[in-house]
Amino acid sequence: MTTEPRMSRADVLGLYRRHVNSGLARLADLMAAPVIARAKGDHLHTADGRRLLNCGGFSVFLLGHGYPPVVEAVRAQLADLAITGPLVFHEELARACRALADAAPDGLEYVYLANSGAEACETALKLARLNGRNHVVSTRGGFHGKTLGALSVTGRDTFRRPCEPLPGPVDFVPYGDAAALAARLTERSAVIVEPVQGEGGVRIPPPGYLRDIARACRRAGALLIIDEVQTGLGRTGELWAVEAEGVVPDMLLSGKALGGGVIPVGAVVATGEVFAPLNRDPFLHTSTYGGNPLAAVAVRHTVEAVLREDAPGRARKLEGRLRELLHTRLAGCRHLVSEVRGRGVLFGVEFISESLAGEFVLELLERDVVVCPTANSLGTVRFTPSVFYGDDELSWLGTAVAGAAAAVARRHL
C-alpha cells in the first residue's frame, strides 16, 4: 500500500475553504493554526516536523493520544467485526455495557451507547419524556450539545436563538443555586446539570450543590440527569464527579474520554426504572452505529485502563501541581486575570476580557502548546491535560504559560 504525499498547509486550508467550512478556514488563518499530521501521547506533530504539547482537546484525551491497549484492541476488532446494524448481536456490546455499568455509581445498571455526548443527551431527554417528564430545568452557562434537543437545554442564547423555536418547555436557572432550581420543579420535571461546568468556564459549584439538587428532585418526583461528558472517568479526581457528594442520579451521561481518544462514543447509564420504556420496546430509540463493535471495544478497554491506571488518583496528584503552576507562571499578567479555578486535570483561567483570553491562546500556540477556549465563557481559557503529564510536560507548559503571560502583559501595561 503506497502512502500519499502530505498536502501543504495552504492546500489543506484551500480545501477547507471550498468544501469543509470557509469560516473554519478563516479562523485557521487568523490563528496561524498548524495542520496536524499525527499524534502520540501528549504530543501533536505536523508534517513539517513541528511538535506541540496537547493541553486541550475538550477533555477527550484523558489517556493521551493513541493509548496503546485501546488502539490494539480496536485494531484487532477492526479485523474481525467492525460495524454492524442494530439487530446484529455481538459480544463486545455486552462486555462494554457491563464494564461501564460496573464502573458507574451503584443503582445505574442499563447502558445505551450512542455516537457522541450530544446523542447521549438526546437519549436522556427522550427517556425523560418516556417517563412522563416533559419539562426540563437546566442551568445558565451549561453545555449539553448542539443538536436540537441538546441545544434546547444548553444555556447560551448565542447558540440557541438562531435555531428557535426549540423543544421545550425548558427553564434556566443560575448555576450553583440549588434553591432557584428547586423552585422550578414539579413531578413532570427533569433536571440536567454538570458537576463542573466545562464549556461554562470551568465553573465549580458550592459544596453540597449536587446533593441539594438530588434531594429537591426526590421531593418533587423529578428525574435527575447528571452530564459527566467532560468530567467523567477521573478527570476531576473522582471516577465520577458526583461521587464527591454521594449522589446517584437517575441517568448519567458519559462521552469525550469514553472512547479512549480513539473512537467517538457517548453513553447514557440509567436506573432500571428509568430505562424500563426501552426495555419494553427497544425500537423506541435506535441508532444504526450506536454500540458498534469498534466503539464497544474502545469503551471496555478505556474503562479498564482508567481503573488499572488509577486515572482519578493521577488527576488528584496533578491538581496541586497544575494549580501552583498556573498561579505562579501567570504572575506576569495577574492584573489581567480574574480567577484561576479547577479540579483534577480540568482547569480554567478567566481573563478580564474575551480579547485577552484570545491573545493568551494565540501566544501559547506560538510556544507550541494547544489549549481550548470555552464555548459559553469566551473569557476563560481551559487546560485539560492527560493524567500522564510528567515533569517534562509540566515544565514545557509552565515555560509557555509564563512566556505567553508576559507577552500579553507587555501589550496591556
# chains A, B, ... in the order shown; residues from 1 in each chain; ligands from 1

call {"tool": "residues_around", "arguments": {"residues": "stretch 176-186 of chain A", "least_positions_apart": "5", "cutoff": "9 Å", "atoms": "only C-alpha atoms", "output": "ChimeraX atom specification"}}
result
/A:135-139,171,191,203-206,209-210,212-213,216-217,220-222

call {"tool": "write_last_selection", "arguments": {"atoms": "N, CA and C atoms", "output": "PDB file, in the first residue's frame"}}
result
ATOM      1  N   HIS A 135     -40.969  18.564  31.070  1.00  0.00           N
ATOM      2  CA  HIS A 135     -40.468  19.891  31.441  1.00  0.00           C
ATOM      3  C   HIS A 135     -39.045  19.701  31.962  1.00  0.00           C
ATOM      4  N   VAL A 136     -38.102  20.520  31.455  1.00  0.00           N
ATOM      5  CA  VAL A 136     -36.698  20.379  31.841  1.00  0.00           C
ATOM      6  C   VAL A 136     -36.218  21.648  32.523  1.00  0.00           C
ATOM      7  N   VAL A 137     -35.446  21.468  33.579  1.00  0.00           N
ATOM      8  CA  VAL A 137     -34.755  22.581  34.233  1.00  0.00           C
ATOM      9  C   VAL A 137     -33.266  22.404  33.978  1.00  0.00           C
ATOM     10  N   SER A 138     -32.648  23.419  33.407  1.00  0.00           N
ATOM     11  CA  SER A 138     -31.221  23.403  33.116  1.00  0.00           C
ATOM     12  C   SER A 138     -30.584  24.650  33.728  1.00  0.00           C
ATOM     13  N   THR A 139     -29.303  24.854  33.469  1.00  0.00           N
ATOM     14  CA  THR A 139     -28.585  25.956  34.105  1.00  0.00           C
ATOM     15  C   THR A 139     -27.997  26.910  33.077  1.00  0.00           C
ATOM     16  N   ASP A 171     -36.702  25.596  31.497  1.00  0.00           N
ATOM     17  CA  ASP A 171     -36.398  26.737  32.360  1.00  0.00           C
ATOM     18  C   ASP A 171     -34.909  26.734  32.679  1.00  0.00           C
ATOM     19  N   VAL A 191     -34.240  17.361  35.547  1.00  0.00           N
ATOM     20  CA  VAL A 191     -33.142  18.314  35.722  1.00  0.00           C
ATOM     21  C   VAL A 191     -31.928  17.784  34.987  1.00  0.00           C
ATOM     22  N   ARG A 203     -16.686  26.196  35.807  1.00  0.00           N
ATOM     23  CA  ARG A 203     -17.381  26.719  36.989  1.00  0.00           C
ATOM     24  C   ARG A 203     -17.601  25.585  37.984  1.00  0.00           C
ATOM     25  N   ILE A 204     -17.151  25.789  39.205  1.00  0.00           N
ATOM     26  CA  ILE A 204     -17.275  24.782  40.254  1.00  0.00           C
ATOM     27  C   ILE A 204     -18.350  25.238  41.223  1.00  0.00           C
ATOM     28  N   PRO A 205     -19.375  24.431  41.436  1.00  0.00           N
ATOM     29  CA  PRO A 205     -20.480  24.863  42.301  1.00  0.00           C
ATOM     30  C   PRO A 205     -20.086  24.813  43.772  1.00  0.00           C
ATOM     31  N   PRO A 206     -20.885  25.429  44.642  1.00  0.00           N
ATOM     32  CA  PRO A 206     -20.587  25.378  46.072  1.00  0.00           C
ATOM     33  C   PRO A 206     -20.749  23.961  46.616  1.00  0.00           C
ATOM     34  N   TYR A 209     -24.009  21.295  46.510  1.00  0.00           N
ATOM     35  CA  TYR A 209     -24.942  21.698  45.449  1.00  0.00           C
ATOM     36  C   TYR A 209     -25.630  20.496  44.811  1.00  0.00           C
ATOM     37  N   LEU A 210     -24.853  19.514  44.398  1.00  0.00           N
ATOM     38  CA  LEU A 210     -25.455  18.347  43.752  1.00  0.00           C
ATOM     39  C   LEU A 210     -26.331  17.563  44.723  1.00  0.00           C
ATOM     40  N   ASP A 212     -27.988  18.800  47.242  1.00  0.00           N
ATOM     41  CA  ASP A 212     -29.241  19.562  47.436  1.00  0.00           C
ATOM     42  C   ASP A 212     -30.174  19.393  46.236  1.00  0.00           C
ATOM     43  N   ILE A 213     -29.607  19.361  45.034  1.00  0.00           N
ATOM     44  CA  ILE A 213     -30.434  19.154  43.844  1.00  0.00           C
ATOM     45  C   ILE A 213     -31.072  17.770  43.874  1.00  0.00           C
ATOM     46  N   ALA A 216     -33.952  17.768  46.220  1.00  0.00           N
ATOM     47  CA  ALA A 216     -35.089  18.509  45.663  1.00  0.00           C
ATOM     48  C   ALA A 216     -35.812  17.678  44.611  1.00  0.00           C
ATOM     49  N   CYS A 217     -35.049  16.943  43.795  1.00  0.00           N
ATOM     50  CA  CYS A 217     -35.674  16.086  42.782  1.00  0.00           C
ATOM     51  C   CYS A 217     -36.490  14.980  43.433  1.00  0.00           C
ATOM     52  N   ALA A 220     -39.769  16.389  44.785  1.00  0.00           N
ATOM     53  CA  ALA A 220     -40.731  16.791  43.752  1.00  0.00           C
ATOM     54  C   ALA A 220     -41.159  15.632  42.856  1.00  0.00           C
ATOM     55  N   GLY A 221     -40.431  14.523  42.914  1.00  0.00           N
ATOM     56  CA  GLY A 221     -40.698  13.436  41.975  1.00  0.00           C
ATOM     57  C   GLY A 221     -40.102  13.672  40.609  1.00  0.00           C
ATOM     58  N   ALA A 222     -39.107  14.545  40.536  1.00  0.00           N
ATOM     59  CA  ALA A 222     -38.439  14.866  39.269  1.00  0.00           C
ATOM     60  C   ALA A 222     -37.280  13.901  39.016  1.00  0.00           C
TER      61      ALA A 222
END

call {"tool": "closest_atom_pairs", "arguments": {"of": "stretch 285-367 of chain A", "to": "stretch 112-134 of chain A", "cutoff": "12 Å", "atoms": "only C-alpha atoms", "output": "tab-separated table"}}
result
residue	atom	partner	partner_atom	distance
A:His285	CA	A:Thr123	CA	7.6
A:Thr286	CA	A:Ala114	CA	9.1
A:Ser287	CA	A:Ala114	CA	7.3
A:Thr288	CA	A:Ala114	CA	9.5
A:Tyr289	CA	A:Asn115	CA	7.1
A:Gly290	CA	A:Ala114	CA	4.5
A:Gly291	CA	A:Leu113	CA	5.0
A:Asn292	CA	A:Leu113	CA	8.5
A:Pro293	CA	A:Leu113	CA	10.8
A:Leu294	CA	A:Asn115	CA	11.3
A:Ala295	CA	A:Asn115	CA	8.3
A:Ala296	CA	A:Leu113	CA	8.0
A:Val297	CA	A:Leu113	CA	11.6
A:Ala298	CA	A:Leu113	CA	11.6
A:Val299	CA	A:Leu113	CA	9.3
A:Arg300	CA	A:Leu113	CA	11.6

call {"tool": "closest_atom_pairs", "arguments": {"of": "stretch 169-284 of chain A", "to": "stretch 351-373 of chain A", "cutoff": "12 Å", "atoms": "only C-alpha atoms", "output": "tab-separated table"}}
result
residue	atom	partner	partner_atom	distance
A:Gly198	CA	A:Pro373	CA	10.1
A:Glu199	CA	A:Pro373	CA	8.1
A:Gly200	CA	A:Pro373	CA	10.1
A:Gly201	CA	A:Pro373	CA	8.5
A:Val202	CA	A:Pro373	CA	10.6

call {"tool": "closest_residue", "arguments": {"among": "A:Leu78, A:Leu322, A:Val35, A:Val111", "to": "A:Asn279", "atoms": "only C-alpha atoms"}}
result
A:Val111

call {"tool": "atom_distance", "arguments": {"atom1": "atom CA of A:Ala37", "atom2": "atom CA of A:Leu15"}}
result
15.8 Å

call {"tool": "residues_around", "arguments": {"residues": "stretch 66-73 of chain A", "least_positions_apart": "2", "cutoff": "7 Å", "atoms": "only C-alpha atoms", "output": "list in words"}}
result
Lys40, Gly41, Leu63, Gly64, Arg75, Ala76, Gln77, Gly260, Gly261, Val262, Val297, Ala298, His301 and Thr302 of chain A

call {"tool": "select_by_dssp", "arguments": {"residues": "stretch 125-322 of chain A", "states": "helix (DSSP H, G or I)", "output": "ChimeraX atom specification"}}
result
/A:125-130,148-152,157-163,178-182,209-220,241-245,256-259,272-280,282-284,293-308,311-322

call {"tool": "select_by_dssp", "arguments": {"residues": "stretch 201-413 of chain A", "states": "strand (DSSP E or B)", "output": "VMD selection string"}}
result
chain A and resid 203 223 to 227 251 to 254 266 to 270 337 to 343 346 to 351 369 to 370 372 to 373 380 to 383

call {"tool": "residues_around", "arguments": {"residues": "stretch 253-258 of chain A", "least_positions_apart": "6", "cutoff": "6 Å", "atoms": "only C-alpha atoms", "output": "list in words"}}
result
Val60, Phe61, Leu62, Gly117, Asp227, Glu228, Val229, Val265, Gly266, Ala267, Val268 and Val299 of chain A

call {"tool": "atom_distance", "arguments": {"atom1": "atom CA of A:Gly332", "atom2": "atom CA of A:Val349"}}
result
13.8 Å

call {"tool": "closest_residue", "arguments": {"among": "A:Ala241, A:Ala101, A:Ile225, A:Leu378", "to": "A:Val274", "atoms": "only C-alpha atoms"}}
result
A:Ile225

call {"tool": "residues_around", "arguments": {"residues": "A:Pro34", "least_positions_apart": "2", "cutoff": "9 Å", "atoms": "only C-alpha atoms", "output": "list in words"}}
result
Arg9, Ala28, Met31, Ala32, Ile36, Thr46 and Arg50 of chain A

call {"tool": "decode", "arguments": {"residues": "stretch 357-377 of chain A", "atoms": "N, CA and C atoms", "output": "short mmCIF file (atom, residue, chain, number, x, y, z; two decimals), in the first residue's frame"}}
result
data_model
loop_
_atom_site.label_atom_id
_atom_site.label_comp_id
_atom_site.auth_asym_id
_atom_site.auth_seq_id
_atom_site.Cartn_x
_atom_site.Cartn_y
_atom_site.Cartn_z
N ALA A 357 -8.22 36.72 26.62
CA ALA A 357 -8.18 35.26 26.59
C ALA A 357 -7.76 34.78 25.20
N GLY A 358 -8.29 35.40 24.17
CA GLY A 358 -7.91 35.03 22.81
C GLY A 358 -6.43 35.26 22.55
N GLU A 359 -5.90 36.40 23.01
CA GLU A 359 -4.48 36.68 22.85
C GLU A 359 -3.63 35.62 23.54
N PHE A 360 -4.06 35.23 24.73
CA PHE A 360 -3.31 34.25 25.52
C PHE A 360 -3.27 32.90 24.81
N VAL A 361 -4.39 32.48 24.23
CA VAL A 361 -4.43 31.23 23.47
C VAL A 361 -3.46 31.27 22.30
N LEU A 362 -3.42 32.39 21.59
CA LEU A 362 -2.52 32.53 20.44
C LEU A 362 -1.06 32.53 20.87
N GLU A 363 -0.77 33.19 21.99
CA GLU A 363 0.61 33.21 22.49
C GLU A 363 1.06 31.81 22.91
N LEU A 364 0.16 31.05 23.51
CA LEU A 364 0.50 29.67 23.86
C LEU A 364 0.77 28.84 22.61
N LEU A 365 -0.04 29.05 21.58
CA LEU A 365 0.15 28.30 20.34
C LEU A 365 1.50 28.64 19.71
N GLU A 366 1.90 29.89 19.79
CA GLU A 366 3.22 30.27 19.27
C GLU A 366 4.33 29.55 20.01
N ARG A 367 4.04 29.16 21.26
CA ARG A 367 5.01 28.43 22.08
C ARG A 367 4.73 26.93 22.05
N ASP A 368 3.99 26.51 21.05
CA ASP A 368 3.74 25.08 20.77
C ASP A 368 2.95 24.39 21.87
N VAL A 369 1.98 25.09 22.44
CA VAL A 369 1.05 24.49 23.41
C VAL A 369 -0.37 24.74 22.92
N VAL A 370 -1.15 23.67 22.85
CA VAL A 370 -2.54 23.74 22.39
C VAL A 370 -3.46 23.67 23.59
N VAL A 371 -4.32 24.69 23.74
CA VAL A 371 -5.35 24.71 24.78
C VAL A 371 -6.69 25.01 24.11
N CYS A 372 -7.74 25.07 24.93
CA CYS A 372 -9.09 25.28 24.39
C CYS A 372 -9.73 26.51 25.03
N PRO A 373 -10.46 27.29 24.24
CA PRO A 373 -11.37 28.27 24.85
C PRO A 373 -12.58 27.52 25.40
N THR A 374 -13.50 28.23 26.00
CA THR A 374 -14.73 27.61 26.49
C THR A 374 -15.91 28.25 25.77
N ALA A 375 -16.76 27.42 25.19
CA ALA A 375 -17.78 27.90 24.26
C ALA A 375 -18.78 28.85 24.89
N ASN A 376 -19.11 28.66 26.16
CA ASN A 376 -20.10 29.52 26.81
C ASN A 376 -19.49 30.59 27.69
N SER A 377 -18.16 30.68 27.69
CA SER A 377 -17.48 31.69 28.50
C SER A 377 -16.15 32.00 27.83
#
